[in-house]
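Engineer: Pasting a structure below so you can have a look.
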There are 2 protein chains.
Amino acid sequence: MEKVVADTLKRSQLSVTDSRKRILEFFHHSDGALAHGDIEKLSGDQFDRVTIYRTLQTFVEKGIIHSIPTADNSIRYALCQQECEAGHHHDNHVHFVCDSCGNTFCLNHVTIPPVQLPEGFTSKQTDVVVSGICKKCGINP
Amino acid sequence: MEKVVADTLKRSQLSVTDSRKRILEFFHHSDGALAHGDIEKLSGDQFDRVTIYRTLQTFVEKGIIHSIPTADNSIRYALCQQECEAGHHHDNHVHFVCDSCGNTFCLNHVTIPPVQLPEGFTSKQTDVVVSGICKKCGINP
DNA sequence: AATTTTTTGCAACGTTGTTGCAAAAGATTA
DNA sequence: TAATCTTTTGCAACAACGTTGCAAAAAATT
């Protein structure tokens with residue numbers, strides 16, 4: 001794991017630092033998406049808030065993670081698939097927010113259905129966020 | 001118009017006040033969605049920030065307006081269709097955010113396509129936000 | 001018109017996110 | 001490995017956004 005995250009950072013031409021390694025590991029260990037606050041808690045105030053903000057920004061720019069739109073106003077992030085490169089996100093999967101546990105998941109195998117727009121509108125990106133009950137919470141409510 | 005907004009407020013069992021009338025009129029006059037900040041500017045500091053926040057909350061609860069999920073973390077609101085009642089939103093249309101002018105529109109006639117979820121997941125609501133270039137900006141870039 | 005209820009505005013506070021700058025850590029070179 | 005250069009971090013300060021409690025004002029009710 002240690003090695004995997006270091007390689008990811010190098011591949012993105014980023015200096016391999018403590019905070020970047022730790023934060024990237026959090027994403028690998030999490031099965032859902034993470035918000036800034038989650039990382040702050042996970043790290044136990046090991047890093048400055050500002051460092052976390054900047055690291056997340058950098059990761060988004062480099063195509064390591066992507067942000068997920070949500071109805072409340074907290075930005076959540078999740079790991080990108082391999083196909084994402086710096087400045088070029090191809091995350092065309094559906095996101096799922098569980099109303100019970102609050103977790104956000106990438107449904108990597110559920111692709112965005114086509115949307116028919118009115119005349120004159122041009123689409124660049126489509127985000128689909130489904131909310132409801134996730135698999136785990138459906139079993140143990 | 002004056003009459004229409006007053007009626008809407010009464011129908012929702014709300015006191016008819018200056019701020020509520022004005023803020024509701026803003027929504028009727030706007031062709032896109034409005035954020036808290038937009039209303040603050042439109043009203044020219046006529047109302048306190050807090051009043052605007054509370055009015056928006058109340059309108060959402062009463063089913064007069066609904067909030068729109070966005071990729072950045074600003075909450076935007078738009079008028080509901082007639083079918084919405086207090087505590088029961090049925091806004092199953094697609095939202096469009098223009099990358100050029102920044103406006104957010106409800107595409108009331110574009111319905112949400114069905115999404116096939118993995119086993120064990122139950123859907124309660126689906127939000128679709130398309131970003132790109134709107135009709136106006138496509139004509140006058 | 002008087003009373004009750006609701007709403008508003010103010011003040012204060014908390015969270016979230018950003019920017020500039022010096023110190024520290026990482027990368028690079030010899 | 002040490003010296004140098006580059007990048008990143010942490011701190012301080014700031015700005016935007018949003019919430020809560022409470023007294024005054026406005027709306028509804030009688």
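Numbering starts fresh at 1 for the residues of each chain in the structure tokens, the chains themselves are lettered A, B, ... in the order given, and ligands are numbered from 1 as they appear.
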Using only C-alpha atoms (C1' of nucleotides), I'd like every residue of chain C that has an atom within 8 Å of chain A; please write them out as JSON, numbers by chain.

Structural biologist: {"C": [17, 26, 27]}

Engineer: If you keep all heavy atoms, can you produce a file of those selected residues as a PDB file, in the first residue's frame?

Structural biologist:
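Produced file again.pdb, reproduced below:
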```pdb
ATOM      1  P    DG C  17     -15.665  23.140   2.669  1.00  0.00           P
ATOM      2  OP1  DG C  17     -16.477  22.722   1.518  1.00  0.00           O
ATOM      3  OP2  DG C  17     -14.906  22.142   3.434  1.00  0.00           O
ATOM      4  O5'  DG C  17     -14.669  24.273   2.146  1.00  0.00           O
ATOM      5  C5'  DG C  17     -15.187  25.299   1.332  1.00  0.00           C
ATOM      6  C4'  DG C  17     -14.188  26.444   1.273  1.00  0.00           C
ATOM      7  O4'  DG C  17     -13.962  26.966   2.591  1.00  0.00           O
ATOM      8  C3'  DG C  17     -12.804  26.086   0.727  1.00  0.00           C
ATOM      9  O3'  DG C  17     -12.613  26.759  -0.498  1.00  0.00           O
ATOM     10  C2'  DG C  17     -11.841  26.566   1.804  1.00  0.00           C
ATOM     11  C1'  DG C  17     -12.690  27.563   2.576  1.00  0.00           C
ATOM     12  N9   DG C  17     -12.238  27.813   3.932  1.00  0.00           N
ATOM     13  C8   DG C  17     -12.167  26.926   4.977  1.00  0.00           C
ATOM     14  N7   DG C  17     -11.708  27.460   6.073  1.00  0.00           N
ATOM     15  C5   DG C  17     -11.461  28.782   5.726  1.00  0.00           C
ATOM     16  C6   DG C  17     -10.951  29.857   6.491  1.00  0.00           C
ATOM     17  O6   DG C  17     -10.596  29.857   7.673  1.00  0.00           O
ATOM     18  N1   DG C  17     -10.856  31.025   5.748  1.00  0.00           N
ATOM     19  C2   DG C  17     -11.224  31.151   4.424  1.00  0.00           C
ATOM     20  N2   DG C  17     -11.065  32.351   3.856  1.00  0.00           N
ATOM     21  N3   DG C  17     -11.696  30.159   3.694  1.00  0.00           N
ATOM     22  C4   DG C  17     -11.782  29.019   4.406  1.00  0.00           C
ATOM     23  P    DG C  26       9.925  14.818   3.955  1.00  0.00           P
ATOM     24  OP1  DG C  26       8.880  13.787   3.993  1.00  0.00           O
ATOM     25  OP2  DG C  26      11.250  14.566   4.571  1.00  0.00           O
ATOM     26  O5'  DG C  26      10.158  15.213   2.436  1.00  0.00           O
ATOM     27  C5'  DG C  26       9.028  15.455   1.617  1.00  0.00           C
ATOM     28  C4'  DG C  26       9.487  15.830   0.230  1.00  0.00           C
ATOM     29  O4'  DG C  26      10.341  16.989   0.317  1.00  0.00           O
ATOM     30  C3'  DG C  26      10.306  14.733  -0.471  1.00  0.00           C
ATOM     31  O3'  DG C  26       9.766  14.558  -1.771  1.00  0.00           O
ATOM     32  C2'  DG C  26      11.722  15.295  -0.505  1.00  0.00           C
ATOM     33  C1'  DG C  26      11.477  16.797  -0.496  1.00  0.00           C
ATOM     34  N9   DG C  26      12.538  17.601   0.092  1.00  0.00           N
ATOM     35  C8   DG C  26      13.058  17.503   1.356  1.00  0.00           C
ATOM     36  N7   DG C  26      13.995  18.380   1.604  1.00  0.00           N
ATOM     37  C5   DG C  26      14.114  19.099   0.419  1.00  0.00           C
ATOM     38  C6   DG C  26      14.977  20.182   0.081  1.00  0.00           C
ATOM     39  O6   DG C  26      15.821  20.720   0.778  1.00  0.00           O
ATOM     40  N1   DG C  26      14.763  20.615  -1.224  1.00  0.00           N
ATOM     41  C2   DG C  26      13.835  20.078  -2.088  1.00  0.00           C
ATOM     42  N2   DG C  26      13.779  20.624  -3.304  1.00  0.00           N
ATOM     43  N3   DG C  26      13.022  19.072  -1.789  1.00  0.00           N
ATOM     44  C4   DG C  26      13.214  18.631  -0.519  1.00  0.00           C
ATOM     45  P    DA C  27      10.393  13.513  -2.806  1.00  0.00           P
ATOM     46  OP1  DA C  27       9.317  13.028  -3.682  1.00  0.00           O
ATOM     47  OP2  DA C  27      11.232  12.559  -2.051  1.00  0.00           O
ATOM     48  O5'  DA C  27      11.334  14.461  -3.670  1.00  0.00           O
ATOM     49  C5'  DA C  27      10.736  15.346  -4.592  1.00  0.00           C
ATOM     50  C4'  DA C  27      11.792  16.060  -5.412  1.00  0.00           C
ATOM     51  O4'  DA C  27      12.672  16.792  -4.524  1.00  0.00           O
ATOM     52  C3'  DA C  27      12.693  15.140  -6.246  1.00  0.00           C
ATOM     53  O3'  DA C  27      12.772  15.696  -7.555  1.00  0.00           O
ATOM     54  C2'  DA C  27      14.036  15.175  -5.526  1.00  0.00           C
ATOM     55  C1'  DA C  27      14.012  16.552  -4.870  1.00  0.00           C
ATOM     56  N9   DA C  27      14.759  16.656  -3.623  1.00  0.00           N
ATOM     57  C8   DA C  27      14.653  15.862  -2.511  1.00  0.00           C
ATOM     58  N7   DA C  27      15.446  16.214  -1.523  1.00  0.00           N
ATOM     59  C5   DA C  27      16.118  17.323  -2.018  1.00  0.00           C
ATOM     60  C6   DA C  27      17.098  18.170  -1.449  1.00  0.00           C
ATOM     61  N6   DA C  27      17.574  18.020  -0.212  1.00  0.00           N
ATOM     62  N1   DA C  27      17.568  19.178  -2.205  1.00  0.00           N
ATOM     63  C2   DA C  27      17.077  19.331  -3.451  1.00  0.00           C
ATOM     64  N3   DA C  27      16.159  18.604  -4.090  1.00  0.00           N
ATOM     65  C4   DA C  27      15.708  17.608  -3.312  1.00  0.00           C
TER      66       DA C  27
END
```

Engineer: Return as a PDB file with N, CA and C atoms, in the first residue's frame the residues belonging to chain A that are within 10 Å of chain B, counting only C-alpha atoms.

Structural biologist:
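Done, and the output landed in selection38.pdb:
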```pdb
ATOM      1  N   SER A  67     -14.570  15.154  -7.461  1.00  0.00           N
ATOM      2  CA  SER A  67     -15.552  15.646  -6.504  1.00  0.00           C
ATOM      3  C   SER A  67     -16.945  15.202  -6.929  1.00  0.00           C
ATOM      4  N   ILE A  68     -17.790  15.034  -5.935  1.00  0.00           N
ATOM      5  CA  ILE A  68     -19.129  14.520  -6.156  1.00  0.00           C
ATOM      6  C   ILE A  68     -20.136  15.584  -5.746  1.00  0.00           C
ATOM      7  N   PRO A  69     -21.059  15.942  -6.636  1.00  0.00           N
ATOM      8  CA  PRO A  69     -22.052  16.945  -6.279  1.00  0.00           C
ATOM      9  C   PRO A  69     -23.056  16.364  -5.301  1.00  0.00           C
ATOM     10  N   THR A  70     -23.422  17.139  -4.294  1.00  0.00           N
ATOM     11  CA  THR A  70     -24.398  16.658  -3.326  1.00  0.00           C
ATOM     12  C   THR A  70     -25.457  17.718  -3.083  1.00  0.00           C
ATOM     13  N   ALA A  71     -26.577  17.291  -2.545  1.00  0.00           N
ATOM     14  CA  ALA A  71     -27.695  18.204  -2.321  1.00  0.00           C
ATOM     15  C   ALA A  71     -27.392  19.135  -1.152  1.00  0.00           C
ATOM     16  N   ASP A  72     -26.815  18.613  -0.080  1.00  0.00           N
ATOM     17  CA  ASP A  72     -26.350  19.523   0.964  1.00  0.00           C
ATOM     18  C   ASP A  72     -25.084  20.167   0.413  1.00  0.00           C
ATOM     19  N   ASN A  73     -24.447  21.035   1.198  1.00  0.00           N
ATOM     20  CA  ASN A  73     -23.325  21.734   0.584  1.00  0.00           C
ATOM     21  C   ASN A  73     -21.981  21.278   1.126  1.00  0.00           C
ATOM     22  N   SER A  74     -21.789  19.977   1.145  1.00  0.00           N
ATOM     23  CA  SER A  74     -20.477  19.472   1.497  1.00  0.00           C
ATOM     24  C   SER A  74     -19.890  18.805   0.266  1.00  0.00           C
ATOM     25  N   ILE A  75     -18.661  19.158  -0.052  1.00  0.00           N
ATOM     26  CA  ILE A  75     -18.022  18.549  -1.211  1.00  0.00           C
ATOM     27  C   ILE A  75     -17.407  17.230  -0.789  1.00  0.00           C
ATOM     28  N   ARG A  76     -17.715  16.173  -1.512  1.00  0.00           N
ATOM     29  CA  ARG A  76     -17.133  14.877  -1.220  1.00  0.00           C
ATOM     30  C   ARG A  76     -16.255  14.440  -2.376  1.00  0.00           C
ATOM     31  N   VAL A  94     -22.519   6.667 -11.888  1.00  0.00           N
ATOM     32  CA  VAL A  94     -23.547   7.192 -11.003  1.00  0.00           C
ATOM     33  C   VAL A  94     -23.033   7.199  -9.560  1.00  0.00           C
ATOM     34  N   HIS A  95     -23.411   8.217  -8.806  1.00  0.00           N
ATOM     35  CA  HIS A  95     -23.065   8.267  -7.386  1.00  0.00           C
ATOM     36  C   HIS A  95     -24.293   7.984  -6.539  1.00  0.00           C
ATOM     37  N   PHE A  96     -24.047   7.306  -5.439  1.00  0.00           N
ATOM     38  CA  PHE A  96     -25.143   6.919  -4.564  1.00  0.00           C
ATOM     39  C   PHE A  96     -24.888   7.427  -3.157  1.00  0.00           C
ATOM     40  N   VAL A  97     -25.852   8.127  -2.601  1.00  0.00           N
ATOM     41  CA  VAL A  97     -25.762   8.622  -1.227  1.00  0.00           C
ATOM     42  C   VAL A  97     -26.768   7.872  -0.374  1.00  0.00           C
ATOM     43  N   CYS A  98     -26.284   7.225   0.691  1.00  0.00           N
ATOM     44  CA  CYS A  98     -27.196   6.468   1.550  1.00  0.00           C
ATOM     45  C   CYS A  98     -27.819   7.393   2.595  1.00  0.00           C
ATOM     46  N   ASP A  99     -29.135   7.397   2.642  1.00  0.00           N
ATOM     47  CA  ASP A  99     -29.846   8.243   3.603  1.00  0.00           C
ATOM     48  C   ASP A  99     -29.677   7.733   5.022  1.00  0.00           C
ATOM     49  N   LEU A 107     -20.874   4.129  -8.015  1.00  0.00           N
ATOM     50  CA  LEU A 107     -21.359   2.902  -8.656  1.00  0.00           C
ATOM     51  C   LEU A 107     -20.647   2.799 -10.003  1.00  0.00           C
ATOM     52  N   HIS A 109     -20.023   0.656 -12.054  1.00  0.00           N
ATOM     53  CA  HIS A 109     -20.530  -0.130 -13.167  1.00  0.00           C
ATOM     54  C   HIS A 109     -21.887   0.333 -13.657  1.00  0.00           C
ATOM     55  N   VAL A 110     -22.376   1.403 -13.050  1.00  0.00           N
ATOM     56  CA  VAL A 110     -23.648   1.970 -13.504  1.00  0.00           C
ATOM     57  C   VAL A 110     -23.336   3.233 -14.298  1.00  0.00           C
ATOM     58  N   THR A 111     -23.555   3.183 -15.589  1.00  0.00           N
ATOM     59  CA  THR A 111     -23.202   4.339 -16.419  1.00  0.00           C
ATOM     60  C   THR A 111     -24.361   5.322 -16.490  1.00  0.00           C
ATOM     61  N   ILE A 112     -24.000   6.552 -16.784  1.00  0.00           N
ATOM     62  CA  ILE A 112     -24.973   7.638 -16.869  1.00  0.00           C
ATOM     63  C   ILE A 112     -25.874   7.418 -18.096  1.00  0.00           C
ATOM     64  N   PRO A 113     -27.185   7.381 -17.878  1.00  0.00           N
ATOM     65  CA  PRO A 113     -28.065   7.234 -19.038  1.00  0.00           C
ATOM     66  C   PRO A 113     -28.077   8.519 -19.856  1.00  0.00           C
ATOM     67  N   PRO A 114     -28.340   8.428 -21.143  1.00  0.00           N
ATOM     68  CA  PRO A 114     -28.339   9.632 -21.982  1.00  0.00           C
ATOM     69  C   PRO A 114     -29.527  10.526 -21.635  1.00  0.00           C
ATOM     70  N   VAL A 115     -29.297  11.829 -21.672  1.00  0.00           N
ATOM     71  CA  VAL A 115     -30.346  12.798 -21.369  1.00  0.00           C
ATOM     72  C   VAL A 115     -30.631  13.618 -22.616  1.00  0.00           C
ATOM     73  N   GLN A 116     -31.889  13.682 -22.981  1.00  0.00           N
ATOM     74  CA  GLN A 116     -32.288  14.438 -24.168  1.00  0.00           C
ATOM     75  C   GLN A 116     -32.516  15.893 -23.776  1.00  0.00           C
ATOM     76  N   LEU A 117     -31.654  16.796 -24.256  1.00  0.00           N
ATOM     77  CA  LEU A 117     -31.790  18.208 -23.867  1.00  0.00           C
ATOM     78  C   LEU A 117     -32.658  18.967 -24.862  1.00  0.00           C
ATOM     79  N   PRO A 118     -33.265  20.084 -24.425  1.00  0.00           N
ATOM     80  CA  PRO A 118     -34.022  20.919 -25.364  1.00  0.00           C
ATOM     81  C   PRO A 118     -33.072  21.513 -26.406  1.00  0.00           C
ATOM     82  N   GLU A 119     -33.636  21.963 -27.509  1.00  0.00           N
ATOM     83  CA  GLU A 119     -32.824  22.531 -28.584  1.00  0.00           C
ATOM     84  C   GLU A 119     -32.030  23.735 -28.095  1.00  0.00           C
ATOM     85  N   GLY A 120     -30.804  23.847 -28.530  1.00  0.00           N
ATOM     86  CA  GLY A 120     -29.984  24.995 -28.179  1.00  0.00           C
ATOM     87  C   GLY A 120     -29.079  24.739 -26.991  1.00  0.00           C
ATOM     88  N   PHE A 121     -29.346  23.717 -26.228  1.00  0.00           N
ATOM     89  CA  PHE A 121     -28.516  23.388 -25.074  1.00  0.00           C
ATOM     90  C   PHE A 121     -27.456  22.361 -25.476  1.00  0.00           C
ATOM     91  N   THR A 122     -26.215  22.614 -25.047  1.00  0.00           N
ATOM     92  CA  THR A 122     -25.140  21.661 -25.318  1.00  0.00           C
ATOM     93  C   THR A 122     -24.637  21.088 -24.002  1.00  0.00           C
ATOM     94  N   SER A 123     -24.513  19.786 -23.951  1.00  0.00           N
ATOM     95  CA  SER A 123     -24.079  19.133 -22.720  1.00  0.00           C
ATOM     96  C   SER A 123     -22.587  18.877 -22.727  1.00  0.00           C
ATOM     97  N   LYS A 124     -21.955  19.145 -21.595  1.00  0.00           N
ATOM     98  CA  LYS A 124     -20.534  18.822 -21.473  1.00  0.00           C
ATOM     99  C   LYS A 124     -20.345  17.708 -20.460  1.00  0.00           C
ATOM    100  N   GLN A 125     -21.138  17.776 -19.377  1.00  0.00           N
ATOM    101  CA  GLN A 125     -21.008  16.761 -18.345  1.00  0.00           C
ATOM    102  C   GLN A 125     -22.350  16.517 -17.691  1.00  0.00           C
ATOM    103  N   THR A 126     -22.573  15.287 -17.293  1.00  0.00           N
ATOM    104  CA  THR A 126     -23.823  14.942 -16.610  1.00  0.00           C
ATOM    105  C   THR A 126     -23.498  14.248 -15.302  1.00  0.00           C
ATOM    106  N   ASP A 127     -24.051  14.786 -14.212  1.00  0.00           N
ATOM    107  CA  ASP A 127     -23.860  14.162 -12.909  1.00  0.00           C
ATOM    108  C   ASP A 127     -25.169  13.562 -12.441  1.00  0.00           C
ATOM    109  N   VAL A 128     -25.109  12.315 -12.013  1.00  0.00           N
ATOM    110  CA  VAL A 128     -26.298  11.650 -11.499  1.00  0.00           C
ATOM    111  C   VAL A 128     -26.025  11.214 -10.068  1.00  0.00           C
ATOM    112  N   VAL A 129     -26.834  11.700  -9.156  1.00  0.00           N
ATOM    113  CA  VAL A 129     -26.711  11.318  -7.753  1.00  0.00           C
ATOM    114  C   VAL A 129     -28.023  10.688  -7.309  1.00  0.00           C
ATOM    115  N   VAL A 130     -27.943   9.416  -6.953  1.00  0.00           N
ATOM    116  CA  VAL A 130     -29.121   8.708  -6.469  1.00  0.00           C
ATOM    117  C   VAL A 130     -29.033   8.634  -4.951  1.00  0.00           C
ATOM    118  N   SER A 131     -30.109   8.945  -4.267  1.00  0.00           N
ATOM    119  CA  SER A 131     -30.121   8.757  -2.818  1.00  0.00           C
ATOM    120  C   SER A 131     -31.132   7.688  -2.460  1.00  0.00           C
ATOM    121  N   GLY A 132     -30.877   7.021  -1.357  1.00  0.00           N
ATOM    122  CA  GLY A 132     -31.743   5.932  -0.925  1.00  0.00           C
ATOM    123  C   GLY A 132     -31.047   5.116   0.146  1.00  0.00           C
ATOM    124  N   ILE A 133     -31.238   3.810   0.115  1.00  0.00           N
ATOM    125  CA  ILE A 133     -30.644   2.932   1.120  1.00  0.00           C
ATOM    126  C   ILE A 133     -29.618   2.023   0.444  1.00  0.00           C
ATOM    127  N   CYS A 134     -28.417   1.994   1.006  1.00  0.00           N
ATOM    128  CA  CYS A 134     -27.348   1.197   0.408  1.00  0.00           C
ATOM    129  C   CYS A 134     -27.479  -0.273   0.806  1.00  0.00           C
ATOM    130  N   LYS A 135     -26.632  -1.088   0.239  1.00  0.00           N
ATOM    131  CA  LYS A 135     -26.705  -2.530   0.447  1.00  0.00           C
ATOM    132  C   LYS A 135     -26.586  -2.909   1.920  1.00  0.00           C
ATOM    133  N   LYS A 136     -25.549  -2.367   2.566  1.00  0.00           N
ATOM    134  CA  LYS A 136     -25.318  -2.688   3.976  1.00  0.00           C
ATOM    135  C   LYS A 136     -26.513  -2.319   4.848  1.00  0.00           C
ATOM    136  N   CYS A 137     -26.987  -1.086   4.675  1.00  0.00           N
ATOM    137  CA  CYS A 137     -28.084  -0.608   5.523  1.00  0.00           C
ATOM    138  C   CYS A 137     -29.387  -1.340   5.203  1.00  0.00           C
ATOM    139  N   GLY A 138     -29.508  -1.838   3.996  1.00  0.00           N
ATOM    140  CA  GLY A 138     -30.698  -2.617   3.650  1.00  0.00           C
ATOM    141  C   GLY A 138     -30.726  -3.931   4.413  1.00  0.00           C
ATOM    142  N   ILE A 139     -29.531  -4.475   4.698  1.00  0.00           N
ATOM    143  CA  ILE A 139     -29.442  -5.743   5.429  1.00  0.00           C
ATOM    144  C   ILE A 139     -29.549  -5.499   6.931  1.00  0.00           C
TER     145      ILE A 139
END
```

Engineer: Within 12 Å of segment 24-29 of chain D, counting only C-alpha atoms (C1' of nucleotides), which residues qualify if same-chain residues fewer than 5 places away don't, as a PyMOL selection string?

Structural biologist: (chain B and resi 10+13-19) or (chain C and resi 2-10)

Engineer: For the residues selected in the previous step, produce a file with N, CA, C and O atoms (P, O5', C5', C4', C3', O3' and C1' of nucleotides) as a compact mmCIF listing (two decimals), in the first residue's frame.

Structural biologist:
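Writing the result to out-v9.txt gives the following:
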```
# COMPACT_ATOMS: atom_id res chain seq x y z
N LYS B 10 -50.51 32.37 1.34
CA LYS B 10 -51.68 31.99 2.13
C LYS B 10 -51.98 30.50 1.99
O LYS B 10 -52.27 29.81 2.96
N GLN B 13 -50.17 28.54 4.25
CA GLN B 13 -50.39 28.90 5.65
C GLN B 13 -49.24 29.70 6.23
O GLN B 13 -48.80 29.46 7.36
N LEU B 14 -48.76 30.65 5.44
CA LEU B 14 -47.68 31.52 5.90
C LEU B 14 -48.20 32.94 6.02
O LEU B 14 -49.03 33.38 5.21
N SER B 15 -47.71 33.66 7.01
CA SER B 15 -48.04 35.08 7.10
C SER B 15 -47.53 35.79 5.86
O SER B 15 -46.44 35.49 5.37
N VAL B 16 -48.31 36.72 5.38
CA VAL B 16 -47.91 37.45 4.18
C VAL B 16 -47.11 38.66 4.60
O VAL B 16 -47.66 39.65 5.08
N THR B 17 -45.81 38.57 4.45
CA THR B 17 -44.94 39.67 4.86
C THR B 17 -44.22 40.24 3.67
O THR B 17 -44.17 39.64 2.60
N ASP B 18 -43.66 41.42 3.88
CA ASP B 18 -42.91 42.11 2.84
C ASP B 18 -41.81 41.25 2.26
O ASP B 18 -41.73 41.06 1.04
N SER B 19 -40.96 40.73 3.13
CA SER B 19 -39.81 39.99 2.64
C SER B 19 -40.24 38.75 1.87
O SER B 19 -39.70 38.45 0.81
P DA C 2 -56.85 50.15 22.15
O5' DA C 2 -56.90 48.58 22.38
C5' DA C 2 -58.03 47.99 23.05
C4' DA C 2 -57.74 46.52 23.31
C3' DA C 2 -56.40 46.25 23.98
O3' DA C 2 -56.56 45.18 24.91
C1' DA C 2 -56.47 45.16 21.87
P DT C 3 -55.28 44.59 25.72
O5' DT C 3 -55.06 43.20 25.00
C5' DT C 3 -56.16 42.28 24.91
C4' DT C 3 -55.73 41.06 24.10
C3' DT C 3 -54.43 40.41 24.58
O3' DT C 3 -54.64 39.01 24.74
C1' DT C 3 -54.35 40.81 22.24
P DT C 4 -53.54 38.09 25.42
O5' DT C 4 -53.10 37.21 24.17
C5' DT C 4 -54.10 36.51 23.41
C4' DT C 4 -53.51 36.04 22.10
C3' DT C 4 -52.21 35.22 22.25
O3' DT C 4 -52.38 33.98 21.58
C1' DT C 4 -51.94 36.92 20.62
P DT C 5 -51.28 32.84 21.64
O5' DT C 5 -50.61 32.96 20.19
C5' DT C 5 -51.44 32.98 19.03
C4' DT C 5 -50.61 33.32 17.82
C3' DT C 5 -49.29 32.52 17.73
O3' DT C 5 -49.29 31.84 16.49
C1' DT C 5 -48.92 34.85 17.37
P DT C 6 -48.06 30.96 16.02
O5' DT C 6 -47.29 31.93 15.03
C5' DT C 6 -48.02 32.56 14.00
C4' DT C 6 -47.13 33.57 13.30
C3' DT C 6 -45.78 33.00 12.84
O3' DT C 6 -45.67 33.25 11.45
C1' DT C 6 -45.49 35.06 14.01
P DT C 7 -44.37 32.82 10.66
O5' DT C 7 -43.55 34.18 10.64
C5' DT C 7 -44.14 35.33 10.08
C4' DT C 7 -43.23 36.51 10.22
C3' DT C 7 -41.82 36.31 9.65
O3' DT C 7 -41.55 37.39 8.79
C1' DT C 7 -41.70 37.17 11.83
P DT C 8 -40.24 37.42 7.91
O5' DT C 8 -39.39 38.54 8.64
C5' DT C 8 -39.95 39.84 8.77
C4' DT C 8 -39.09 40.67 9.71
C3' DT C 8 -37.62 40.78 9.29
O3' DT C 8 -37.33 42.14 9.01
C1' DT C 8 -37.85 40.26 11.62
P DG C 9 -35.96 42.55 8.29
O5' DG C 9 -35.02 42.89 9.53
C5' DG C 9 -35.42 43.95 10.40
C4' DG C 9 -34.45 44.04 11.57
C3' DG C 9 -32.97 44.09 11.18
O3' DG C 9 -32.37 45.16 11.90
C1' DG C 9 -33.35 42.34 12.74
P DC C 10 -30.90 45.65 11.58
O5' DC C 10 -30.07 45.19 12.85
C5' DC C 10 -30.54 45.55 14.16
C4' DC C 10 -29.90 44.66 15.20
C3' DC C 10 -28.38 44.51 15.05
O3' DC C 10 -27.76 45.09 16.18
C1' DC C 10 -29.44 42.44 15.56
```

Engineer: Can you work out the spacing between atom CA of Ile64 of chain A and atom CA of Phe26 of chain A in Å, to one decimal?

Structural biologist: 12.9 Å

Engineer: As an exercise, work out the distance from atom CA of His29 of chain A to atom CA of Lys41 of chain A in Å and give it to one decimal place.

Structural biologist: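 About the pair atom CA of His29 of chain A and atom CA of Lys41 of chain A: they are 14.5 Å apart.
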